[in-house]
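Chemist: For reference, this is work05.txt, and it has compact mmCIF, N, CA and C atoms and all ligand atoms.
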```
# COMPACT_ATOMS: atom_id res chain seq x y z
N MET A 1 0.83 -1.18 0.00
CA MET A 1 0.00 0.00 0.00
C MET A 1 0.87 1.24 0.00
N THR A 2 0.24 2.35 -0.33
CA THR A 2 0.98 3.62 -0.40
C THR A 2 0.54 4.53 0.73
N TYR A 3 1.50 5.00 1.46
CA TYR A 3 1.23 5.95 2.55
C TYR A 3 1.65 7.34 2.10
N LYS A 4 0.86 8.33 2.50
CA LYS A 4 1.24 9.71 2.24
C LYS A 4 1.80 10.31 3.50
N GLY A 5 2.89 11.04 3.35
CA GLY A 5 3.49 11.67 4.51
C GLY A 5 3.85 13.10 4.21
N SER A 6 3.99 13.88 5.24
CA SER A 6 4.38 15.28 5.05
C SER A 6 4.86 15.86 6.37
N CYS A 7 5.46 17.02 6.25
CA CYS A 7 5.74 17.81 7.45
C CYS A 7 4.43 18.51 7.83
N HIS A 8 4.46 19.40 8.77
CA HIS A 8 3.21 20.04 9.21
C HIS A 8 2.69 21.05 8.20
N CYS A 9 3.57 21.86 7.64
CA CYS A 9 3.12 22.93 6.74
C CYS A 9 2.96 22.46 5.30
N GLY A 10 3.49 21.29 4.96
CA GLY A 10 3.32 20.75 3.62
C GLY A 10 4.45 21.07 2.65
N LYS A 11 5.46 21.75 3.11
CA LYS A 11 6.60 22.06 2.24
C LYS A 11 7.35 20.79 1.84
N ILE A 12 7.30 19.79 2.74
CA ILE A 12 7.86 18.47 2.43
C ILE A 12 6.70 17.48 2.37
N ALA A 13 6.54 16.85 1.22
CA ALA A 13 5.49 15.84 1.07
C ALA A 13 6.09 14.66 0.32
N PHE A 14 5.63 13.45 0.67
CA PHE A 14 6.21 12.26 0.05
C PHE A 14 5.23 11.11 0.15
N GLU A 15 5.56 10.04 -0.58
CA GLU A 15 4.77 8.81 -0.51
C GLU A 15 5.71 7.66 -0.21
N VAL A 16 5.20 6.68 0.52
CA VAL A 16 6.01 5.51 0.86
C VAL A 16 5.22 4.27 0.49
N GLN A 17 5.88 3.33 -0.20
CA GLN A 17 5.29 2.04 -0.54
C GLN A 17 5.73 1.03 0.50
N GLY A 18 4.79 0.24 0.98
CA GLY A 18 5.16 -0.81 1.91
C GLY A 18 4.03 -1.13 2.86
N GLU A 19 4.31 -2.04 3.78
CA GLU A 19 3.34 -2.42 4.79
C GLU A 19 3.90 -2.03 6.14
N LEU A 20 3.26 -1.07 6.74
CA LEU A 20 3.73 -0.59 8.04
C LEU A 20 3.06 -1.39 9.15
N THR A 21 3.84 -2.26 9.80
CA THR A 21 3.28 -3.05 10.90
C THR A 21 4.06 -2.81 12.19
N GLU A 22 5.34 -2.44 12.03
CA GLU A 22 6.10 -2.15 13.23
C GLU A 22 7.04 -0.98 13.02
N ALA A 23 7.36 -0.34 14.10
CA ALA A 23 8.21 0.84 14.02
C ALA A 23 9.18 0.79 15.19
N MET A 24 10.17 1.66 15.13
CA MET A 24 11.19 1.64 16.16
C MET A 24 11.22 2.97 16.91
N ALA A 25 11.22 2.87 18.21
CA ALA A 25 11.40 4.04 19.05
C ALA A 25 12.80 3.95 19.61
N CYS A 26 13.58 4.97 19.41
CA CYS A 26 14.99 4.94 19.80
C CYS A 26 15.21 6.02 20.84
N ASN A 27 16.07 5.71 21.80
CA ASN A 27 16.32 6.67 22.87
C ASN A 27 17.63 7.42 22.69
N CYS A 28 18.17 7.44 21.46
CA CYS A 28 19.41 8.19 21.26
C CYS A 28 19.14 9.68 21.37
N SER A 29 20.20 10.46 21.36
CA SER A 29 20.07 11.89 21.67
C SER A 29 19.15 12.62 20.72
N ILE A 30 19.10 12.18 19.45
CA ILE A 30 18.25 12.94 18.52
C ILE A 30 16.83 12.36 18.43
N CYS A 31 16.71 11.02 18.38
CA CYS A 31 15.37 10.42 18.24
C CYS A 31 14.50 10.77 19.44
N GLN A 32 15.08 10.76 20.61
CA GLN A 32 14.28 11.06 21.79
C GLN A 32 13.78 12.50 21.76
N ARG A 33 14.64 13.41 21.33
CA ARG A 33 14.21 14.81 21.25
C ARG A 33 13.11 15.01 20.22
N LYS A 34 13.24 14.30 19.09
CA LYS A 34 12.23 14.43 18.04
C LYS A 34 10.93 13.76 18.42
N GLY A 35 11.01 12.72 19.24
CA GLY A 35 9.84 11.90 19.52
C GLY A 35 9.47 11.07 18.31
N ALA A 36 10.48 10.73 17.50
CA ALA A 36 10.21 10.04 16.25
C ALA A 36 9.91 8.56 16.45
N LEU A 37 9.01 8.06 15.62
CA LEU A 37 8.71 6.64 15.56
C LEU A 37 9.17 6.22 14.17
N MET A 38 10.26 5.47 14.12
CA MET A 38 10.91 5.24 12.84
C MET A 38 10.45 3.97 12.16
N TRP A 39 10.22 4.11 10.86
CA TRP A 39 9.88 2.96 10.01
C TRP A 39 10.93 2.92 8.92
N PHE A 40 11.69 1.81 8.88
CA PHE A 40 12.78 1.70 7.92
C PHE A 40 12.30 1.04 6.64
N VAL A 41 12.57 1.68 5.52
CA VAL A 41 12.19 1.15 4.21
C VAL A 41 13.36 1.38 3.26
N PRO A 42 13.42 0.58 2.17
CA PRO A 42 14.44 0.88 1.15
C PRO A 42 14.20 2.29 0.62
N ARG A 43 15.27 3.03 0.37
CA ARG A 43 15.11 4.42 -0.08
C ARG A 43 14.25 4.51 -1.34
N ASP A 44 14.32 3.47 -2.19
CA ASP A 44 13.54 3.47 -3.43
C ASP A 44 12.03 3.41 -3.18
N SER A 45 11.64 3.02 -1.97
CA SER A 45 10.20 2.94 -1.66
C SER A 45 9.63 4.30 -1.31
N LEU A 46 10.49 5.28 -1.18
CA LEU A 46 10.03 6.62 -0.81
C LEU A 46 10.14 7.54 -2.01
N THR A 47 9.05 8.21 -2.34
CA THR A 47 9.06 9.16 -3.45
C THR A 47 8.76 10.55 -2.91
N LEU A 48 9.68 11.43 -3.13
CA LEU A 48 9.51 12.81 -2.68
C LEU A 48 8.61 13.54 -3.68
N ARG A 49 7.59 14.23 -3.16
CA ARG A 49 6.66 14.95 -4.05
C ARG A 49 6.93 16.45 -4.06
N THR A 50 7.89 16.86 -3.29
CA THR A 50 8.22 18.27 -3.22
C THR A 50 9.72 18.41 -3.52
N PRO A 51 10.20 19.57 -3.90
CA PRO A 51 11.63 19.70 -4.27
C PRO A 51 12.55 19.33 -3.11
N ALA A 52 13.62 18.60 -3.43
CA ALA A 52 14.56 18.17 -2.39
C ALA A 52 15.19 19.36 -1.68
N ASP A 53 15.33 20.48 -2.39
CA ASP A 53 15.98 21.62 -1.75
C ASP A 53 15.05 22.39 -0.81
N ALA A 54 13.79 21.92 -0.70
CA ALA A 54 12.90 22.52 0.30
C ALA A 54 13.23 22.01 1.70
N MET A 55 14.03 20.94 1.77
CA MET A 55 14.35 20.33 3.06
C MET A 55 15.66 20.87 3.60
N SER A 56 15.72 21.03 4.88
CA SER A 56 17.01 21.26 5.52
C SER A 56 17.51 19.92 6.02
N THR A 57 18.80 19.80 6.18
CA THR A 57 19.39 18.51 6.55
C THR A 57 20.38 18.70 7.69
N TYR A 58 20.24 17.82 8.67
CA TYR A 58 21.12 17.87 9.83
C TYR A 58 21.89 16.56 9.92
N THR A 59 23.19 16.64 10.15
CA THR A 59 23.98 15.44 10.40
C THR A 59 24.81 15.68 11.65
N PHE A 60 25.17 14.59 12.33
CA PHE A 60 26.01 14.73 13.51
C PHE A 60 26.75 13.43 13.72
N ASN A 61 27.59 13.40 14.72
CA ASN A 61 28.35 12.21 15.05
C ASN A 61 29.13 11.73 13.82
N LYS A 62 28.79 10.57 13.24
CA LYS A 62 29.55 10.07 12.10
C LYS A 62 29.03 10.61 10.77
N HIS A 63 27.99 11.39 10.80
CA HIS A 63 27.42 12.02 9.61
C HIS A 63 26.99 10.99 8.57
N VAL A 64 26.54 9.82 9.02
CA VAL A 64 26.11 8.80 8.07
C VAL A 64 24.61 8.87 7.81
N ILE A 65 23.88 9.51 8.69
CA ILE A 65 22.44 9.64 8.48
C ILE A 65 22.12 11.11 8.21
N GLU A 66 21.34 11.32 7.14
CA GLU A 66 20.90 12.68 6.85
C GLU A 66 19.51 12.85 7.44
N HIS A 67 19.42 13.66 8.47
CA HIS A 67 18.14 13.91 9.13
C HIS A 67 17.50 15.11 8.45
N HIS A 68 16.46 14.84 7.66
CA HIS A 68 15.81 15.93 6.94
C HIS A 68 14.72 16.56 7.80
N PHE A 69 14.63 17.87 7.72
CA PHE A 69 13.56 18.54 8.45
C PHE A 69 13.12 19.78 7.67
N CYS A 70 11.95 20.25 8.05
CA CYS A 70 11.38 21.39 7.35
C CYS A 70 11.86 22.69 8.01
N PRO A 71 12.45 23.60 7.22
CA PRO A 71 12.95 24.84 7.81
C PRO A 71 11.81 25.77 8.24
N THR A 72 10.60 25.50 7.77
CA THR A 72 9.48 26.38 8.12
C THR A 72 8.78 25.90 9.38
N CYS A 73 8.37 24.63 9.41
CA CYS A 73 7.59 24.17 10.56
C CYS A 73 8.41 23.32 11.53
N GLY A 74 9.62 22.91 11.14
CA GLY A 74 10.51 22.23 12.07
C GLY A 74 10.27 20.75 12.24
N ILE A 75 9.33 20.18 11.47
CA ILE A 75 9.04 18.75 11.63
C ILE A 75 10.07 17.92 10.86
N HIS A 76 10.41 16.75 11.43
CA HIS A 76 11.36 15.82 10.81
C HIS A 76 10.59 14.65 10.21
N PRO A 77 10.24 14.69 8.93
CA PRO A 77 9.43 13.57 8.38
C PRO A 77 10.23 12.31 8.08
N PHE A 78 11.50 12.44 7.70
CA PHE A 78 12.28 11.23 7.43
C PHE A 78 13.77 11.55 7.38
N GLY A 79 14.55 10.48 7.38
CA GLY A 79 15.99 10.62 7.23
C GLY A 79 16.47 9.62 6.20
N GLU A 80 17.71 9.78 5.77
CA GLU A 80 18.28 8.86 4.80
C GLU A 80 19.63 8.38 5.27
N GLY A 81 19.90 7.10 4.95
CA GLY A 81 21.20 6.55 5.31
C GLY A 81 21.40 5.24 4.59
N VAL A 82 22.38 4.46 5.03
CA VAL A 82 22.62 3.15 4.45
C VAL A 82 22.58 2.11 5.56
N ASP A 83 22.11 0.91 5.22
CA ASP A 83 22.09 -0.16 6.21
C ASP A 83 23.48 -0.82 6.26
N PRO A 84 23.68 -1.79 7.17
CA PRO A 84 25.03 -2.38 7.30
C PRO A 84 25.54 -3.04 6.02
N LYS A 85 24.62 -3.41 5.10
CA LYS A 85 25.05 -4.02 3.84
C LYS A 85 25.30 -2.99 2.75
N GLY A 86 25.09 -1.71 3.07
CA GLY A 86 25.34 -0.66 2.10
C GLY A 86 24.13 -0.27 1.26
N ASN A 87 22.96 -0.85 1.58
CA ASN A 87 21.75 -0.48 0.85
C ASN A 87 21.23 0.88 1.32
N LYS A 88 20.75 1.68 0.37
CA LYS A 88 20.20 2.98 0.75
C LYS A 88 18.84 2.79 1.41
N MET A 89 18.70 3.39 2.57
CA MET A 89 17.47 3.24 3.35
C MET A 89 16.90 4.62 3.67
N ALA A 90 15.59 4.61 3.93
CA ALA A 90 14.95 5.80 4.48
C ALA A 90 14.37 5.42 5.83
N ALA A 91 14.51 6.31 6.78
CA ALA A 91 13.90 6.12 8.09
C ALA A 91 12.73 7.11 8.15
N VAL A 92 11.54 6.57 7.93
CA VAL A 92 10.35 7.42 7.85
C VAL A 92 9.79 7.60 9.26
N ASN A 93 9.44 8.82 9.58
CA ASN A 93 8.81 9.08 10.88
C ASN A 93 7.32 8.75 10.75
N ALA A 94 6.91 7.61 11.32
CA ALA A 94 5.53 7.15 11.18
C ALA A 94 4.53 8.17 11.71
N ASN A 95 4.96 9.03 12.59
CA ASN A 95 4.07 10.07 13.12
C ASN A 95 3.69 11.09 12.05
N CYS A 96 4.41 11.08 10.92
CA CYS A 96 4.16 12.06 9.86
C CYS A 96 3.34 11.47 8.71
N LEU A 97 2.86 10.23 8.87
CA LEU A 97 2.08 9.58 7.82
C LEU A 97 0.59 9.76 8.08
N GLU A 98 -0.17 9.85 6.97
CA GLU A 98 -1.62 9.99 7.08
C GLU A 98 -2.26 8.61 7.21
N GLY A 99 -3.35 8.55 7.95
CA GLY A 99 -4.18 7.35 8.00
C GLY A 99 -3.55 6.16 8.68
N VAL A 100 -2.61 6.38 9.57
CA VAL A 100 -1.97 5.28 10.28
C VAL A 100 -2.49 5.24 11.70
N ASP A 101 -2.92 4.05 12.11
CA ASP A 101 -3.35 3.87 13.50
C ASP A 101 -2.10 3.54 14.31
N LEU A 102 -1.51 4.57 14.87
CA LEU A 102 -0.22 4.38 15.55
C LEU A 102 -0.31 3.39 16.70
N SER A 103 -1.47 3.30 17.34
CA SER A 103 -1.60 2.40 18.48
C SER A 103 -1.59 0.93 18.06
N SER A 104 -1.79 0.67 16.73
CA SER A 104 -1.79 -0.72 16.27
C SER A 104 -0.38 -1.20 15.92
N LEU A 105 0.57 -0.29 15.89
CA LEU A 105 1.93 -0.67 15.50
C LEU A 105 2.65 -1.39 16.63
N LYS A 106 3.42 -2.38 16.22
CA LYS A 106 4.30 -3.02 17.19
C LYS A 106 5.54 -2.13 17.29
N VAL A 107 5.81 -1.67 18.48
CA VAL A 107 6.94 -0.74 18.62
C VAL A 107 8.12 -1.45 19.27
N GLN A 108 9.24 -1.45 18.55
CA GLN A 108 10.48 -1.99 19.09
C GLN A 108 11.24 -0.85 19.75
N HIS A 109 11.67 -1.07 20.96
CA HIS A 109 12.45 -0.04 21.63
C HIS A 109 13.92 -0.34 21.44
N TYR A 110 14.60 0.61 20.85
CA TYR A 110 16.00 0.44 20.53
C TYR A 110 16.84 1.31 21.45
N ASP A 111 17.85 0.69 22.03
CA ASP A 111 18.68 1.42 22.98
C ASP A 111 19.83 2.12 22.26
N GLY A 112 19.47 3.21 21.56
CA GLY A 112 20.45 3.94 20.76
C GLY A 112 21.49 4.67 21.59
N ARG A 113 21.21 4.83 22.88
CA ARG A 113 22.21 5.51 23.73
C ARG A 113 23.43 4.65 23.96
N LYS A 114 23.20 3.33 23.99
CA LYS A 114 24.32 2.41 24.23
C LYS A 114 24.99 2.00 22.93
N ALA A 115 24.23 2.02 21.83
CA ALA A 115 24.77 1.53 20.55
C ALA A 115 25.89 2.43 20.03
ZN ZN A 201 6.93 22.22 7.12
```
Represent the supplied structure as structure tokens.
Ligand SMILES: [Zn+2]

Modeler:
Amino acid sequence: MTYKGSCHCGKIAFEVQGELTEAMACNCSICQRKGALMWFVPRDSLTLRTPADAMSTYTFNKHVIEHHFCPTCGIHPFGEGVDPKGNKMAAVNANCLEGVDLSSLKVQHYDGRKA
């Protein structure tokens, strides 16, 4: 199925193909601040519907993950990176998707502070 996602003001809008059944809550320094519920998909499953330069990008630590956010409303709809095998991945913030019953998701708690 196709999910529609966006930031709050709509400057960043995208679609994601896949079946969202579980998401990850991470307690690392950035995920906890964002309150993000991450859904990992192959980067090819995500289609950006707005210009890429509408997004601001934040990186830190090893700079391997690009945390995209909206410079206008400040919401972080997704990030981009590579998995351990080198595949391009997107970490979609499930909280930014339309029509998702968040309470039905199986949430894995990841201890990103120790990792
Ligand atoms: Zn926005």

Chemist: Per residue of chain A within 8 Å of ligand ZN 201 (chain A), record the nearest atom pair and its distance in Å to one decimal, counting only C-alpha atoms and all ligand atoms, with rows in chain order and ascending residue number, as a tab-separated table.

Modeler:
```
residue	atom	partner	partner_atom	distance
A:Ser6	CA	A:ZN201	ZN	7.7
A:Cys7	CA	A:ZN201	ZN	4.6
A:His8	CA	A:ZN201	ZN	4.8
A:Cys9	CA	A:ZN201	ZN	3.9
A:Gly10	CA	A:ZN201	ZN	5.2
A:Lys11	CA	A:ZN201	ZN	4.9
A:Ile12	CA	A:ZN201	ZN	6.1
A:Phe69	CA	A:ZN201	ZN	7.7
A:Cys70	CA	A:ZN201	ZN	4.5
A:Pro71	CA	A:ZN201	ZN	6.6
A:Thr72	CA	A:ZN201	ZN	5.0
A:Cys73	CA	A:ZN201	ZN	4.0
A:Gly74	CA	A:ZN201	ZN	6.1
A:Ile75	CA	A:ZN201	ZN	6.1
```

Chemist: Report the distance between CA of Asn61 in chain A and CA of Val41 in chain A in Å, rounded to one decimal place.

Modeler: 22.4 Å

Chemist: Extract, using all atoms listed in the file, all DNA, RNA and protein residues at most 6.5 Å from range 77-84 of chain A, discarding same-chain residues fewer than 6 positions from it, and format them as a list in words.

Modeler: Ser6, Cys7, Val64, Ile65, Glu66, His67, His68, Phe69, Cys70, Ala90, Ala91, Val92, Asn93 and Cys96 of chain A

Chemist: Rounded to one decimal place, report the CA of Gly86 in chain A-CA of Phe60 in chain A distance in Å.

Modeler: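 CA of Phe60 in chain A lies 19.2 Å from CA of Gly86 in chain A.
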
Chemist: Rank A:Leu102, A:Ala94, A:His76, A:Gln108 by their smallest atom-to-atom distance to Arg33 in chain A, using only C-alpha atoms, and report the top residue only.

Modeler: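 Closest residue, counting only C-alpha atoms: A:His76.
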
Chemist: What does the distance between CA of Cys26 in chain A and atom C of Asp53 in chain A come to in Å, to one decimal place?

Modeler: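 We find that CA of Cys26 in chain A and atom C of Asp53 in chain A lie 27.0 Å from each other.
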
Chemist: May I ask which of the residues A:Thr2, A:Val107, A:Lys114, A:Tyr58 is the closest one to Met38 in chain A, counting only C-alpha atoms?

Modeler: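 Under the stated criterion, the closest residue is A:Val107.
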
Chemist: Could you add the missing atoms to range 14-36 of chain A, up to N, CA, C and O atoms, and return them as a compact mmCIF listing (two decimals), in the coordinates of the input?

Modeler:
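As a result, part.txt now contains:
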```txt
# COMPACT_ATOMS: atom_id res chain seq x y z
N PHE A 14 5.63 13.45 0.67
CA PHE A 14 6.21 12.26 0.05
C PHE A 14 5.23 11.11 0.15
O PHE A 14 4.20 11.20 0.83
N GLU A 15 5.56 10.04 -0.58
CA GLU A 15 4.77 8.81 -0.51
C GLU A 15 5.71 7.66 -0.21
O GLU A 15 6.86 7.68 -0.65
N VAL A 16 5.20 6.68 0.52
CA VAL A 16 6.01 5.51 0.86
C VAL A 16 5.22 4.27 0.49
O VAL A 16 4.04 4.14 0.83
N GLN A 17 5.88 3.33 -0.20
CA GLN A 17 5.29 2.04 -0.54
C GLN A 17 5.73 1.03 0.50
O GLN A 17 6.92 0.96 0.81
N GLY A 18 4.79 0.24 0.98
CA GLY A 18 5.16 -0.81 1.91
C GLY A 18 4.03 -1.13 2.86
O GLY A 18 2.92 -0.63 2.71
N GLU A 19 4.31 -2.04 3.78
CA GLU A 19 3.34 -2.42 4.79
C GLU A 19 3.90 -2.03 6.14
O GLU A 19 4.88 -2.59 6.61
N LEU A 20 3.26 -1.07 6.74
CA LEU A 20 3.73 -0.59 8.04
C LEU A 20 3.06 -1.39 9.15
O LEU A 20 1.85 -1.30 9.36
N THR A 21 3.84 -2.26 9.80
CA THR A 21 3.28 -3.05 10.90
C THR A 21 4.06 -2.81 12.19
O THR A 21 3.53 -2.97 13.26
N GLU A 22 5.34 -2.44 12.03
CA GLU A 22 6.10 -2.15 13.23
C GLU A 22 7.04 -0.98 13.02
O GLU A 22 7.41 -0.67 11.90
N ALA A 23 7.36 -0.34 14.10
CA ALA A 23 8.21 0.84 14.02
C ALA A 23 9.18 0.79 15.19
O ALA A 23 9.03 -0.03 16.11
N MET A 24 10.17 1.66 15.13
CA MET A 24 11.19 1.64 16.16
C MET A 24 11.22 2.97 16.91
O MET A 24 11.23 4.03 16.30
N ALA A 25 11.22 2.87 18.21
CA ALA A 25 11.40 4.04 19.05
C ALA A 25 12.80 3.95 19.61
O ALA A 25 13.18 2.94 20.19
N CYS A 26 13.58 4.97 19.41
CA CYS A 26 14.99 4.94 19.80
C CYS A 26 15.21 6.02 20.84
O CYS A 26 14.63 7.10 20.77
N ASN A 27 16.07 5.71 21.80
CA ASN A 27 16.32 6.67 22.87
C ASN A 27 17.63 7.42 22.69
O ASN A 27 18.17 7.98 23.64
N CYS A 28 18.17 7.44 21.46
CA CYS A 28 19.41 8.19 21.26
C CYS A 28 19.14 9.68 21.37
O CYS A 28 18.00 10.11 21.44
N SER A 29 20.20 10.46 21.36
CA SER A 29 20.07 11.89 21.67
C SER A 29 19.15 12.62 20.72
O SER A 29 18.46 13.56 21.11
N ILE A 30 19.10 12.18 19.45
CA ILE A 30 18.25 12.94 18.52
C ILE A 30 16.83 12.36 18.43
O ILE A 30 15.86 13.11 18.44
N CYS A 31 16.71 11.02 18.38
CA CYS A 31 15.37 10.42 18.24
C CYS A 31 14.50 10.77 19.44
O CYS A 31 13.31 11.04 19.29
N GLN A 32 15.08 10.76 20.61
CA GLN A 32 14.28 11.06 21.79
C GLN A 32 13.78 12.50 21.76
O GLN A 32 12.64 12.78 22.08
N ARG A 33 14.64 13.41 21.33
CA ARG A 33 14.21 14.81 21.25
C ARG A 33 13.11 15.01 20.22
O ARG A 33 12.22 15.81 20.40
N LYS A 34 13.24 14.30 19.09
CA LYS A 34 12.23 14.43 18.04
C LYS A 34 10.93 13.76 18.42
O LYS A 34 9.88 14.10 17.91
N GLY A 35 11.01 12.72 19.24
CA GLY A 35 9.84 11.90 19.52
C GLY A 35 9.47 11.07 18.31
O GLY A 35 8.31 10.76 18.07
N ALA A 36 10.48 10.73 17.50
CA ALA A 36 10.21 10.04 16.25
C ALA A 36 9.91 8.56 16.45
O ALA A 36 10.49 7.92 17.32
```
